[in-house]
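Peer 1: Data file input05.txt (compact mmCIF, C-alpha atoms and all ligand atoms) is appended below.
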# COMPACT_ATOMS: atom_id res chain seq x y z
CA MET H 18 -19.85 -21.43 22.50
CA LYS H 19 -17.58 -22.84 25.16
CA PRO H 20 -14.78 -25.29 24.45
CA PRO H 21 -15.09 -28.93 25.54
CA ILE H 22 -13.37 -29.92 28.79
CA PHE H 23 -9.58 -30.15 28.57
CA ASP H 24 -6.60 -30.56 30.88
CA TYR H 25 -4.45 -27.47 31.25
CA VAL H 26 -0.71 -27.98 31.70
CA THR H 27 1.82 -25.22 32.26
CA ALA H 28 5.17 -26.10 30.70
CA GLU H 29 7.82 -25.69 33.42
CA SER H 30 10.78 -26.22 31.09
CA ARG H 31 11.44 -27.06 27.47
CA GLU H 32 12.12 -30.68 28.47
CA HIS H 33 8.80 -30.81 30.32
CA ALA H 34 6.96 -29.39 27.30
CA LEU H 35 8.54 -31.90 24.93
CA ALA H 36 7.73 -34.79 27.30
CA VAL H 37 4.06 -33.73 27.43
CA LEU H 38 3.92 -33.47 23.63
CA ARG H 39 5.56 -36.88 23.25
CA SER H 40 3.20 -38.61 25.68
CA HIS H 41 -0.02 -37.04 24.34
CA GLY H 42 0.74 -36.75 20.60
CA ASP H 43 -2.24 -35.51 18.58
CA ASP H 44 -4.34 -35.08 21.75
CA ALA H 45 -2.23 -32.15 22.96
CA LYS H 46 -2.09 -28.61 21.59
CA VAL H 47 0.46 -25.94 22.36
CA LEU H 48 -1.05 -22.69 23.66
CA ALA H 49 1.02 -19.62 22.74
CA GLY H 50 -0.89 -16.34 22.29
CA GLY H 51 -4.19 -18.18 21.99
CA GLN H 52 -5.44 -15.73 19.34
CA SER H 53 -6.20 -18.48 16.83
CA LEU H 54 -6.40 -21.61 18.99
CA VAL H 55 -8.87 -20.33 21.59
CA PRO H 56 -11.46 -19.18 19.00
CA LEU H 57 -11.07 -22.55 17.25
CA MET H 58 -11.69 -24.34 20.55
CA SER H 59 -14.68 -22.16 21.32
CA PHE H 60 -16.18 -23.07 17.95
CA ARG H 61 -15.25 -26.70 18.73
CA LEU H 62 -13.19 -26.89 15.56
CA ALA H 63 -10.24 -27.88 17.77
CA LYS H 64 -10.80 -30.22 20.71
CA PRO H 65 -7.46 -30.88 22.38
CA ALA H 66 -7.60 -33.11 25.45
CA VAL H 67 -4.52 -31.33 26.81
CA LEU H 68 -3.64 -27.66 26.43
CA LEU H 69 0.07 -27.11 26.93
CA ASP H 70 0.74 -23.48 27.89
CA ILE H 71 4.30 -22.53 26.85
CA ASN H 72 4.09 -18.87 27.89
CA ARG H 73 6.33 -19.31 30.93
CA LEU H 74 9.16 -20.98 28.99
CA GLU H 75 12.32 -18.91 29.07
CA GLY H 76 14.62 -18.21 26.13
CA LEU H 77 11.98 -18.44 23.41
CA ASP H 78 11.29 -14.74 22.93
CA SER H 79 14.60 -13.28 21.77
CA ILE H 80 15.43 -11.46 18.55
CA GLU H 81 19.08 -11.75 17.48
CA ALA H 82 21.11 -10.66 14.47
CA SER H 83 24.64 -11.90 13.87
CA ASP H 84 26.89 -13.12 11.04
CA GLY H 85 24.46 -11.93 8.40
CA SER H 86 21.44 -13.77 9.72
CA MET H 87 18.51 -13.09 12.03
CA ARG H 88 16.78 -15.39 14.49
CA ILE H 89 13.39 -14.70 16.06
CA GLY H 90 12.22 -16.87 18.96
CA ALA H 91 8.81 -18.53 18.69
CA LEU H 92 7.33 -16.76 21.73
CA THR H 93 8.21 -13.29 20.44
CA ARG H 94 4.98 -11.30 20.45
CA GLN H 95 4.01 -9.90 17.08
CA CYS H 96 4.00 -6.36 18.54
CA GLU H 97 7.77 -6.70 19.16
CA LEU H 98 8.30 -6.83 15.40
CA LEU H 99 7.04 -3.25 15.19
CA THR H 100 9.36 -1.79 17.79
CA HIS H 101 12.51 -3.92 18.06
CA PRO H 102 15.62 -1.96 17.02
CA LEU H 103 17.29 -4.97 15.33
CA ILE H 104 14.27 -5.45 13.08
CA ALA H 105 14.23 -1.74 12.22
CA GLU H 106 17.95 -1.76 11.45
CA HIS H 107 18.37 -5.06 9.63
CA CYS H 108 15.01 -6.14 8.24
CA PRO H 109 12.37 -3.38 8.08
CA LEU H 110 10.38 -5.62 5.74
CA VAL H 111 9.34 -7.67 8.79
CA ARG H 112 8.04 -4.56 10.52
CA ALA H 113 6.15 -3.41 7.42
CA ALA H 114 4.38 -6.76 7.09
CA ALA H 115 3.65 -7.07 10.83
CA GLU H 116 1.75 -3.78 10.73
CA PHE H 117 -0.92 -5.59 8.72
CA ILE H 118 -1.46 -8.31 11.37
CA GLY H 119 -4.84 -7.84 13.04
CA HIS H 120 -5.02 -5.10 15.66
CA PRO H 121 -2.82 -4.04 18.62
CA ALA H 122 -4.67 -6.31 21.09
CA ILE H 123 -4.03 -9.32 18.84
CA ARG H 124 -0.39 -8.44 18.18
CA ASN H 125 0.21 -7.94 21.93
CA ARG H 126 -0.66 -11.60 22.60
CA GLY H 127 -0.13 -13.31 19.24
CA THR H 128 3.30 -14.84 18.75
CA VAL H 129 5.58 -15.31 15.78
CA GLY H 130 5.68 -19.08 16.36
CA GLY H 131 1.90 -19.26 16.70
CA SER H 132 1.36 -17.51 13.39
CA VAL H 133 3.83 -19.81 11.62
CA ALA H 134 2.53 -23.02 13.26
CA HIS H 135 -1.09 -22.06 12.56
CA ALA H 136 -0.23 -21.72 8.84
CA ASP H 137 -3.15 -19.57 7.76
CA PRO H 138 -2.48 -19.05 4.03
CA ALA H 139 -3.55 -15.39 4.35
CA ALA H 140 -1.27 -14.59 7.31
CA GLU H 141 1.54 -12.12 6.69
CA LEU H 142 4.48 -13.83 8.39
CA PRO H 143 4.34 -17.08 6.38
CA VAL H 144 4.54 -15.06 3.13
CA LEU H 145 7.62 -13.28 4.43
CA LEU H 146 9.28 -16.53 5.42
CA GLN H 147 8.94 -17.68 1.82
CA ILE H 148 10.85 -14.75 0.31
CA LEU H 149 13.43 -14.68 3.12
CA ASP H 150 14.33 -18.35 2.53
CA ALA H 151 13.70 -18.85 6.24
CA GLY H 152 14.24 -21.99 8.22
CA ILE H 153 11.70 -23.10 10.82
CA GLU H 154 13.30 -24.59 13.90
CA LEU H 155 11.52 -27.59 15.37
CA CYS H 156 12.44 -29.42 18.52
CA ALA H 157 11.27 -32.81 19.83
CA ALA H 158 12.50 -34.88 22.77
CA GLY H 159 16.00 -35.97 21.71
CA SER H 160 16.00 -34.31 18.28
CA GLN H 161 15.86 -31.01 16.49
CA ARG H 162 15.67 -29.97 12.86
CA THR H 163 15.28 -26.92 10.68
CA VAL H 164 12.73 -27.09 7.86
CA PRO H 165 12.84 -24.68 4.89
CA ALA H 166 9.69 -22.54 4.70
CA ASP H 167 8.90 -23.93 1.26
CA ASP H 168 8.63 -27.44 2.71
CA PHE H 169 6.98 -26.41 5.97
CA PHE H 170 3.69 -24.99 4.63
CA MET H 171 1.78 -27.93 3.19
CA GLY H 172 -1.80 -26.69 2.84
CA LEU H 173 -4.65 -24.91 4.63
CA LEU H 174 -3.60 -24.86 8.32
CA MET H 175 -1.29 -27.80 7.54
CA THR H 176 2.44 -27.92 8.16
CA GLY H 177 5.28 -30.42 8.13
CA MET H 178 5.46 -30.26 11.94
CA ASN H 179 4.95 -33.51 13.87
CA PRO H 180 2.57 -33.60 16.89
CA ASP H 181 5.49 -34.14 19.29
CA GLU H 182 7.43 -31.11 17.99
CA LEU H 183 7.67 -27.61 19.43
CA LEU H 184 8.40 -24.72 17.11
CA THR H 185 11.25 -22.86 18.80
CA GLY H 186 12.09 -20.11 16.31
CA ILE H 187 12.66 -18.96 12.78
CA SER H 188 15.91 -17.87 11.18
CA PHE H 189 16.85 -16.36 7.85
CA PRO H 190 19.78 -14.74 6.04
CA LEU H 191 19.58 -10.97 6.18
CA PRO H 192 19.08 -9.28 2.82
CA GLY H 193 22.48 -7.99 1.66
CA LYS H 194 23.72 -4.74 0.13
CA GLY H 195 21.88 -3.73 -3.03
CA SER H 196 18.67 -5.34 -1.82
CA GLY H 197 15.22 -3.82 -1.53
CA TRP H 198 11.84 -5.09 -0.46
CA GLY H 199 8.17 -4.52 -1.16
CA PHE H 200 5.04 -5.68 0.64
CA HIS H 201 1.45 -4.99 -0.38
CA GLU H 202 -1.88 -6.49 0.57
CA VAL H 203 -5.56 -5.92 0.07
CA ALA H 204 -8.02 -6.73 2.87
CA ARG H 205 -11.65 -5.76 3.28
CA ARG H 206 -10.77 -3.67 6.37
CA HIS H 207 -7.44 -2.82 7.92
CA GLY H 208 -6.59 -5.63 10.37
CA ASP H 209 -8.51 -8.30 8.48
CA PHE H 210 -6.65 -11.24 7.01
CA ALA H 211 -5.39 -10.41 3.52
CA LEU H 212 -7.52 -11.33 0.53
CA VAL H 213 -4.15 -11.44 -1.20
CA ALA H 214 -0.71 -10.32 -0.01
CA ALA H 215 2.44 -10.00 -2.11
CA ALA H 216 6.04 -9.74 -0.94
CA ALA H 217 9.17 -9.19 -3.01
CA LEU H 218 12.88 -9.06 -2.32
CA ILE H 219 15.11 -7.83 -5.15
CA THR H 220 18.89 -7.54 -5.32
CA LEU H 221 20.48 -5.41 -8.04
CA ASP H 222 24.03 -5.83 -9.36
CA ASP H 223 26.48 -3.00 -10.12
CA ARG H 224 24.91 -2.49 -13.56
CA GLY H 225 21.41 -2.17 -12.12
CA ALA H 226 20.25 -5.57 -13.39
CA VAL H 227 18.40 -8.02 -11.16
CA ALA H 228 20.90 -10.36 -9.51
CA GLY H 229 18.44 -11.97 -7.11
CA ALA H 230 14.65 -12.06 -6.97
CA ALA H 231 12.19 -13.61 -4.53
CA VAL H 232 8.45 -13.10 -4.99
CA ALA H 233 5.71 -14.71 -2.89
CA LEU H 234 1.94 -14.48 -2.55
CA GLY H 235 -0.34 -15.22 0.38
CA GLY H 236 -4.10 -15.57 0.60
CA ILE H 237 -4.40 -16.60 -3.02
CA GLY H 238 -4.26 -20.38 -2.51
CA ASP H 239 -4.14 -22.94 0.28
CA ARG H 240 -0.61 -21.92 1.37
CA PRO H 241 1.89 -19.09 0.82
CA VAL H 242 3.64 -19.65 -2.52
CA ARG H 243 6.82 -18.51 -4.25
CA VAL H 244 6.14 -17.28 -7.78
CA VAL H 245 9.23 -18.78 -9.38
CA ALA H 246 8.22 -17.88 -12.94
CA ALA H 247 8.05 -14.19 -11.98
CA GLU H 248 11.47 -14.43 -10.34
CA GLU H 249 12.96 -16.02 -13.48
CA THR H 250 11.50 -13.25 -15.66
CA LEU H 251 13.26 -10.64 -13.54
CA LYS H 252 16.64 -12.30 -13.01
CA GLY H 253 19.47 -11.03 -15.23
CA ASN H 254 17.33 -8.24 -16.70
CA ARG H 255 17.07 -4.55 -16.00
CA PRO H 256 13.88 -4.04 -13.99
CA THR H 257 12.10 -1.73 -16.43
CA PRO H 258 8.34 -1.17 -16.07
CA GLU H 259 7.87 -3.61 -18.97
CA THR H 260 9.94 -6.34 -17.27
CA ILE H 261 8.08 -5.86 -13.98
CA GLN H 262 4.76 -6.01 -15.83
CA ALA H 263 5.85 -9.22 -17.59
CA ALA H 264 6.90 -10.73 -14.25
CA SER H 265 3.51 -9.93 -12.71
CA HIS H 266 1.76 -11.63 -15.63
CA GLU H 267 3.56 -14.85 -14.64
CA VAL H 268 1.29 -15.05 -11.58
CA ASP H 269 -1.40 -16.25 -13.98
CA GLY H 270 -0.65 -19.93 -14.40
CA ALA H 271 1.88 -20.10 -11.56
CA VAL H 272 -0.77 -20.19 -8.82
CA THR H 273 -4.29 -21.60 -8.58
CA PRO H 274 -6.44 -18.94 -6.88
CA VAL H 275 -9.22 -20.02 -4.52
CA GLY H 276 -12.64 -18.41 -4.42
CA ASP H 277 -14.78 -18.00 -1.29
CA ILE H 278 -17.38 -15.66 0.20
CA HIS H 279 -14.74 -12.94 0.57
CA ALA H 280 -13.39 -12.89 -3.00
CA SER H 281 -13.84 -14.80 -6.23
CA GLU H 282 -11.06 -16.76 -7.95
CA ALA H 283 -10.94 -14.13 -10.69
CA TYR H 284 -10.61 -11.24 -8.22
CA ARG H 285 -7.83 -13.01 -6.32
CA ALA H 286 -6.04 -13.73 -9.61
CA HIS H 287 -6.33 -10.04 -10.52
CA LEU H 288 -5.04 -8.96 -7.09
CA GLY H 289 -2.15 -11.40 -7.39
CA GLN H 290 -0.92 -9.67 -10.53
CA VAL H 291 -1.51 -6.10 -9.35
CA LEU H 292 0.09 -6.61 -5.92
CA THR H 293 3.07 -8.48 -7.38
CA LYS H 294 3.72 -5.54 -9.68
CA ARG H 295 3.53 -3.07 -6.79
CA ALA H 296 5.69 -5.17 -4.46
CA VAL H 297 8.39 -5.70 -7.11
CA HIS H 298 8.31 -2.02 -8.08
CA ASP H 299 8.86 -0.94 -4.45
CA ALA H 300 11.59 -3.53 -3.98
CA VAL H 301 13.44 -2.24 -7.05
CA GLU H 302 13.15 1.37 -5.91
CA ARG H 303 14.48 0.50 -2.45
CA ALA H 304 17.32 -1.55 -3.97
CA ARG H 305 18.30 1.40 -6.17
CA ALA H 306 18.29 3.73 -3.14
CA SER H 307 20.29 1.37 -0.90
C1 LIG H 401 -9.71 -10.86 15.06
C2 LIG H 401 -8.41 -11.46 14.63
C3 LIG H 401 -7.76 -10.94 13.51
C4 LIG H 401 -6.55 -11.49 13.09
N1 LIG H 401 -5.93 -10.95 11.99
C5 LIG H 401 -4.78 -11.47 11.56
C6 LIG H 401 -4.11 -10.95 10.43
O1 LIG H 401 -4.56 -10.00 9.78
N2 LIG H 401 -2.94 -11.53 10.06
C7 LIG H 401 -2.40 -12.59 10.75
O2 LIG H 401 -1.33 -13.08 10.35
N3 LIG H 401 -2.99 -13.10 11.84
C8 LIG H 401 -4.16 -12.57 12.26
N4 LIG H 401 -4.76 -13.10 13.36
C9 LIG H 401 -4.18 -14.29 14.00
C10 LIG H 401 -3.08 -13.89 14.99
O3 LIG H 401 -1.96 -13.41 14.29
C11 LIG H 401 -2.63 -15.09 15.85
O4 LIG H 401 -1.85 -14.52 16.84
C12 LIG H 401 -1.82 -16.19 15.20
O5 LIG H 401 -2.46 -16.77 14.12
C13 LIG H 401 -1.57 -17.33 16.17
O6 LIG H 401 -0.62 -16.97 17.11
P1 LIG H 401 -0.82 -17.30 18.63
O7 LIG H 401 0.48 -17.06 19.29
O8 LIG H 401 -2.01 -16.60 19.13
O9 LIG H 401 -1.04 -18.90 18.56
P2 LIG H 401 -2.13 -19.81 19.27
O10 LIG H 401 -3.50 -19.33 18.94
O11 LIG H 401 -1.80 -20.01 20.68
O12 LIG H 401 -1.84 -21.18 18.48
C14 LIG H 401 -2.16 -21.31 17.11
C15 LIG H 401 -1.74 -22.72 16.63
O13 LIG H 401 -0.33 -22.84 16.60
C16 LIG H 401 0.12 -23.85 17.52
N5 LIG H 401 1.34 -23.33 18.15
C17 LIG H 401 1.50 -22.09 18.68
N6 LIG H 401 2.77 -21.92 19.07
C18 LIG H 401 3.41 -23.08 18.81
C19 LIG H 401 4.76 -23.51 19.01
N7 LIG H 401 5.70 -22.71 19.51
N8 LIG H 401 5.08 -24.78 18.64
C20 LIG H 401 4.14 -25.59 18.10
N9 LIG H 401 2.86 -25.23 17.87
C21 LIG H 401 2.50 -23.98 18.23
C22 LIG H 401 -1.04 -24.08 18.48
O14 LIG H 401 -1.02 -25.36 19.04
C23 LIG H 401 -2.22 -23.83 17.57
O15 LIG H 401 -2.48 -24.98 16.80
C24 LIG H 401 -5.97 -12.58 13.80
C25 LIG H 401 -6.61 -13.10 14.94
C26 LIG H 401 -7.80 -12.55 15.35
C27 LIG H 401 -8.48 -13.11 16.57
Go ahead and express the file in the form of structure tokens.
Ligand SMILES: Cc1cc2nc3c(=O)[nH]c(=O)nc-3n(C[C@H](O)[C@H](O)[C@H](O)COP(=O)(O)OP(=O)(O)OC[C@H]3O[C@@H](n4cnc5c(N)ncnc54)[C@H](O)[C@@H]3O)c2cc1C
Peer 2:
Amino acid sequence: MKPPIFDYVTAESREHALAVLRSHGDDAKVLAGGQSLVPLMSFRLAKPAVLLDINRLEGLDSIEASDGSMRIGALTRQCELLTHPLIAEHCPLVRAAAEFIGHPAIRNRGTVGGSVAHADPAAELPVLLQILDAGIELCAAGSQRTVPADDFFMGLLMTGMNPDELLTGISFPLPGKGSGWGFHEVARRHGDFALVAAAALITLDDRGAVAGAAVALGGIGDRPVRVVAAEETLKGNRPTPETIQAASHEVDGAVTPVGDIHASEAYRAHLGQVLTKRAVHDAVERARAS
């Protein structure tokens, strides 16, 4: 199908973009990589009166690391996450997760900001933002704010972003010394959205006990979720196979799996436990080796 008629506006500057968003509100949609929005428009599931193309805006596609934190601009293409030296050096977890996003053609156009703003519960980047305690930077005419990932993702394709706001970037503290990460997902075919994805970030203290734990799941419910009960089971304890197994069992009860034509509730619940165990195991091994 073809999309309904719309006005196409090229944003000439950030101020111009914010003015267009303010004057059109819900009737305008930002166009970044177009990899999710354009199919939605073609299916007429999205019918914006105004399409605001932000691809020519400058200063929105940088990746920076300083003072123990990393910032990734909203217009950074997903393919950059696979090759950028700062990601490889400071946060290889981001690269590992990005490898699961679609296919090269999609990652070449798809942006970091687009994936976050679209808020597909099975997308990889939103799950990462949960365990990295990331902040999502939002800008409107005359104001800007940073929203914690946990507050940003509100439901299926729903976020805490207002219609007049532009997502300008994400930022997060870099995992410190003694930290390790794990990321696992199951999809029907490589490049498909995850049926379930699990991410873990573990920090060990000098005695080898868990000093910090962050565990999150994607694809299992209507938004990416932190599995706090699993984190609490790990914290303060030595991460033995038994402790990791006990932590993975906490998935049951901590999340409400959804069922659809791709996977039943029971299968997603099962995957949630298995992938949590694998992600935490890998995170512990990497923390021990760091
Ligand atoms: C076949 C296929 C397979 C895919 N597989 C995966 C996968 O496995 N994992 C995965 O994570 N993704 C997958 N994707 C989606 C892909 O990652 C998209 O790139 C991403 O979801 C949206 O990014 P985009 O830059 O293309 O955004 P767009 O499609 O341009 O926009 C998406 C939404 O975000 C809004 N938006 C975009 N940028 C901003 C901004 N800066 N400020 C405010 N709002 C903004 C738009 O208005 C729109 O509502 C797949 C897509 C396709 C077509």
Peer 1: Interatomic distance between atom O1 of ligand LIG 401 (chain H) and atom CA of Asp44 of chain H?
Peer 2: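 Going from atom O1 of ligand LIG 401 (chain H) over to atom CA of Asp44 of chain H covers 27.8 Å.
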Peer 1: Given only C-alpha atoms, how would the per-residue table for segment 245-303 of chain H near segment 108-121 of chain H read, listing every residue at most 12 Å away with its closest atom pair and distance in Å to one decimal, sorted by chain and number, as a Markdown table?
Peer 2:
| residue | atom | partner | partner_atom | distance |
| --- | --- | --- | --- | --- |
| H:Ala296 | CA | H:Leu110 | CA | 11.2 |
| H:Asp299 | CA | H:Leu110 | CA | 11.3 |
| H:Ala300 | CA | H:Leu110 | CA | 10.0 |
| H:Arg303 | CA | H:Leu110 | CA | 11.0 |
Peer 1: Figure out the distance between atom CA of Ala157 of chain H and atom CA of Leu35 of chain H, please, to one decimal in Å.
Peer 2: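 Atom-to-atom, atom CA of Leu35 of chain H and atom CA of Ala157 of chain H are spaced 5.9 Å apart.
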Peer 1: When you look at Leu54 of chain H with a cut-off of 10 Å (counting all atoms listed in the file), what residues show up, excluding the ones that are within fewer than 5 positions of it in the same chain? I need them as a list in words.
Peer 2: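 Counting all atoms listed in the file, the residues come to Lys46, Val47, Leu48, Ala49, Ser59, Phe60, Leu62, Ala63, Lys64, Pro65, Leu68, Gly131 and His135 of chain H.
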Peer 1: Okay, now the selection with C-alpha atoms, as a PDB file, keeping the file's coordinate frame?
Peer 2:
ATOM      1  CA  LYS H  46      -2.090 -28.610  21.590  1.00  0.00           C
ATOM      2  CA  VAL H  47       0.460 -25.940  22.360  1.00  0.00           C
ATOM      3  CA  LEU H  48      -1.050 -22.690  23.660  1.00  0.00           C
ATOM      4  CA  ALA H  49       1.020 -19.620  22.740  1.00  0.00           C
ATOM      5  CA  SER H  59     -14.680 -22.160  21.320  1.00  0.00           C
ATOM      6  CA  PHE H  60     -16.180 -23.070  17.950  1.00  0.00           C
ATOM      7  CA  LEU H  62     -13.190 -26.890  15.560  1.00  0.00           C
ATOM      8  CA  ALA H  63     -10.240 -27.880  17.770  1.00  0.00           C
ATOM      9  CA  LYS H  64     -10.800 -30.220  20.710  1.00  0.00           C
ATOM     10  CA  PRO H  65      -7.460 -30.880  22.380  1.00  0.00           C
ATOM     11  CA  LEU H  68      -3.640 -27.660  26.430  1.00  0.00           C
ATOM     12  CA  GLY H 131       1.900 -19.260  16.700  1.00  0.00           C
ATOM     13  CA  HIS H 135      -1.090 -22.060  12.560  1.00  0.00           C
TER      14      HIS H 135
END
Peer 1: Can you work out which one of H:Val55, H:Val144, H:Ala231, H:Ala158 has the shortest atom-to-atom distance to ligand LIG 401 (chain H), counting only C-alpha atoms and all ligand atoms?
Peer 2: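 For ligand LIG 401 (chain H), the nearest of the given residues is H:Val55.
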Peer 1: Which neighbours of Arg124 of chain H fall inside 6 Å, counting only C-alpha atoms, when residues of the same chain fewer than 3 positions from it are skipped, and could you give them as a ChimeraX atom specification?
Peer 2: /H:95-96,121,127
Peer 1: Given the choices H:Leu184, H:Leu74, H:Ile104, H:Leu288, which gets closest to ligand LIG 401 (chain H) if the distance is worked out from all atoms listed in the file?
Peer 2: H:Leu184
Peer 1: Would you please work out which residue, of H:Met175, H:Ala283, H:Ala151, H:Ala105, is nearest to ligand LIG 401 (chain H) when using all atoms listed in the file?
Peer 2: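 So, comparing all the options, the nearest one is H:Met175.
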Peer 1: Please provide the set of residues having any atom within 12 Å of Ala263 of chain H, restricted to only C-alpha atoms, with same-chain residues fewer than 4 positions apart removed, written as number ranges by chain.
Peer 2: H: 246-251, 254, 256-259, 267-269, 290-291, 293-294, 297
Peer 1: Quick one: distance from atom C22 of ligand LIG 401 (chain H) to atom CA of Arg205 of chain H in Å, one decimal?
Peer 2: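 Rounded to one decimal, the two atoms are 26.1 Å apart.
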Peer 1: Which residue, H:Ala139, H:Ala34, H:Val244, H:Ala166, has the smallest gap to ligand LIG 401 (chain H) when you use only C-alpha atoms and all ligand atoms?
Peer 2: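 Closest candidate: H:Ala139.
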Peer 1: Report as a list in words all protein, DNA and RNA residues lying within 10 Å of Gln161 of chain H, evaluated on only C-alpha atoms, omitting residues in the same chain fewer than 5 positions from it.
Peer 2: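 Selected residues are Glu154, Leu155, Cys156, Glu182, Leu183, Leu184 and Thr185 of chain H.
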Peer 1: Using the structure just given, write a file holding all heavy atoms for segment 242-249 of chain H, as a PDB file, in the first residue's frame.
Peer 2:
ATOM      1  N   VAL H 242      12.180  -4.547  30.422  1.00  0.00           N
ATOM      2  CA  VAL H 242      12.014  -4.479  31.887  1.00  0.00           C
ATOM      3  C   VAL H 242      13.277  -4.885  32.625  1.00  0.00           C
ATOM      4  O   VAL H 242      13.978  -5.825  32.222  1.00  0.00           O
ATOM      5  CB  VAL H 242      10.863  -5.395  32.379  1.00  0.00           C
ATOM      6  CG1 VAL H 242       9.519  -4.764  32.133  1.00  0.00           C
ATOM      7  CG2 VAL H 242      10.950  -6.779  31.769  1.00  0.00           C
ATOM      8  N   ARG H 243      13.552  -4.207  33.725  1.00  0.00           N
ATOM      9  CA  ARG H 243      14.605  -4.631  34.647  1.00  0.00           C
ATOM     10  C   ARG H 243      14.041  -5.743  35.521  1.00  0.00           C
ATOM     11  O   ARG H 243      12.901  -5.662  35.987  1.00  0.00           O
ATOM     12  CB  ARG H 243      15.014  -3.468  35.549  1.00  0.00           C
ATOM     13  CG  ARG H 243      15.944  -2.463  34.924  1.00  0.00           C
ATOM     14  CD  ARG H 243      17.401  -2.901  34.898  1.00  0.00           C
ATOM     15  NE  ARG H 243      18.087  -2.820  36.158  1.00  0.00           N
ATOM     16  CZ  ARG H 243      18.899  -1.825  36.501  1.00  0.00           C
ATOM     17  NH1 ARG H 243      19.119  -0.821  35.684  1.00  0.00           N
ATOM     18  NH2 ARG H 243      19.522  -1.829  37.672  1.00  0.00           N
ATOM     19  N   VAL H 244      14.843  -6.776  35.750  1.00  0.00           N
ATOM     20  CA  VAL H 244      14.392  -7.876  36.614  1.00  0.00           C
ATOM     21  C   VAL H 244      15.045  -7.676  37.979  1.00  0.00           C
ATOM     22  O   VAL H 244      16.080  -8.274  38.307  1.00  0.00           O
ATOM     23  CB  VAL H 244      14.753  -9.244  36.001  1.00  0.00           C
ATOM     24  CG1 VAL H 244      14.045 -10.356  36.755  1.00  0.00           C
ATOM     25  CG2 VAL H 244      14.367  -9.294  34.526  1.00  0.00           C
ATOM     26  N   VAL H 245      14.428  -6.806  38.763  1.00  0.00           N
ATOM     27  CA  VAL H 245      15.032  -6.371  40.031  1.00  0.00           C
ATOM     28  C   VAL H 245      15.207  -7.550  40.992  1.00  0.00           C
ATOM     29  O   VAL H 245      16.222  -7.643  41.701  1.00  0.00           O
ATOM     30  CB  VAL H 245      14.154  -5.257  40.666  1.00  0.00           C
ATOM     31  CG1 VAL H 245      14.708  -4.842  42.016  1.00  0.00           C
ATOM     32  CG2 VAL H 245      14.073  -4.067  39.729  1.00  0.00           C
ATOM     33  N   ALA H 246      14.248  -8.465  41.006  1.00  0.00           N
ATOM     34  CA  ALA H 246      14.340  -9.602  41.939  1.00  0.00           C
ATOM     35  C   ALA H 246      15.572 -10.452  41.630  1.00  0.00           C
ATOM     36  O   ALA H 246      16.239 -10.958  42.548  1.00  0.00           O
ATOM     37  CB  ALA H 246      13.075 -10.449  41.856  1.00  0.00           C
ATOM     38  N   ALA H 247      15.903 -10.601  40.348  1.00  0.00           N
ATOM     39  CA  ALA H 247      17.111 -11.363  39.977  1.00  0.00           C
ATOM     40  C   ALA H 247      18.358 -10.616  40.438  1.00  0.00           C
ATOM     41  O   ALA H 247      19.319 -11.216  40.947  1.00  0.00           O
ATOM     42  CB  ALA H 247      17.147 -11.582  38.469  1.00  0.00           C
ATOM     43  N   GLU H 248      18.348  -9.306  40.275  1.00  0.00           N
ATOM     44  CA  GLU H 248      19.489  -8.488  40.698  1.00  0.00           C
ATOM     45  C   GLU H 248      19.713  -8.626  42.211  1.00  0.00           C
ATOM     46  O   GLU H 248      20.840  -8.788  42.674  1.00  0.00           O
ATOM     47  CB  GLU H 248      19.247  -7.016  40.338  1.00  0.00           C
ATOM     48  CG  GLU H 248      19.138  -6.782  38.836  1.00  0.00           C
ATOM     49  CD  GLU H 248      18.655  -5.384  38.488  1.00  0.00           C
ATOM     50  OE1 GLU H 248      18.423  -4.570  39.409  1.00  0.00           O
ATOM     51  OE2 GLU H 248      18.491  -5.098  37.282  1.00  0.00           O
ATOM     52  N   GLU H 249      18.611  -8.590  42.972  1.00  0.00           N
ATOM     53  CA  GLU H 249      18.715  -8.675  44.438  1.00  0.00           C
ATOM     54  C   GLU H 249      19.244 -10.043  44.869  1.00  0.00           C
ATOM     55  O   GLU H 249      19.964 -10.154  45.861  1.00  0.00           O
ATOM     56  CB  GLU H 249      17.355  -8.403  45.092  1.00  0.00           C
ATOM     57  CG  GLU H 249      16.845  -6.979  44.910  1.00  0.00           C
ATOM     58  CD  GLU H 249      17.827  -5.923  45.403  1.00  0.00           C
ATOM     59  OE1 GLU H 249      18.528  -6.175  46.404  1.00  0.00           O
ATOM     60  OE2 GLU H 249      17.927  -4.856  44.762  1.00  0.00           O
TER      61      GLU H 249
END
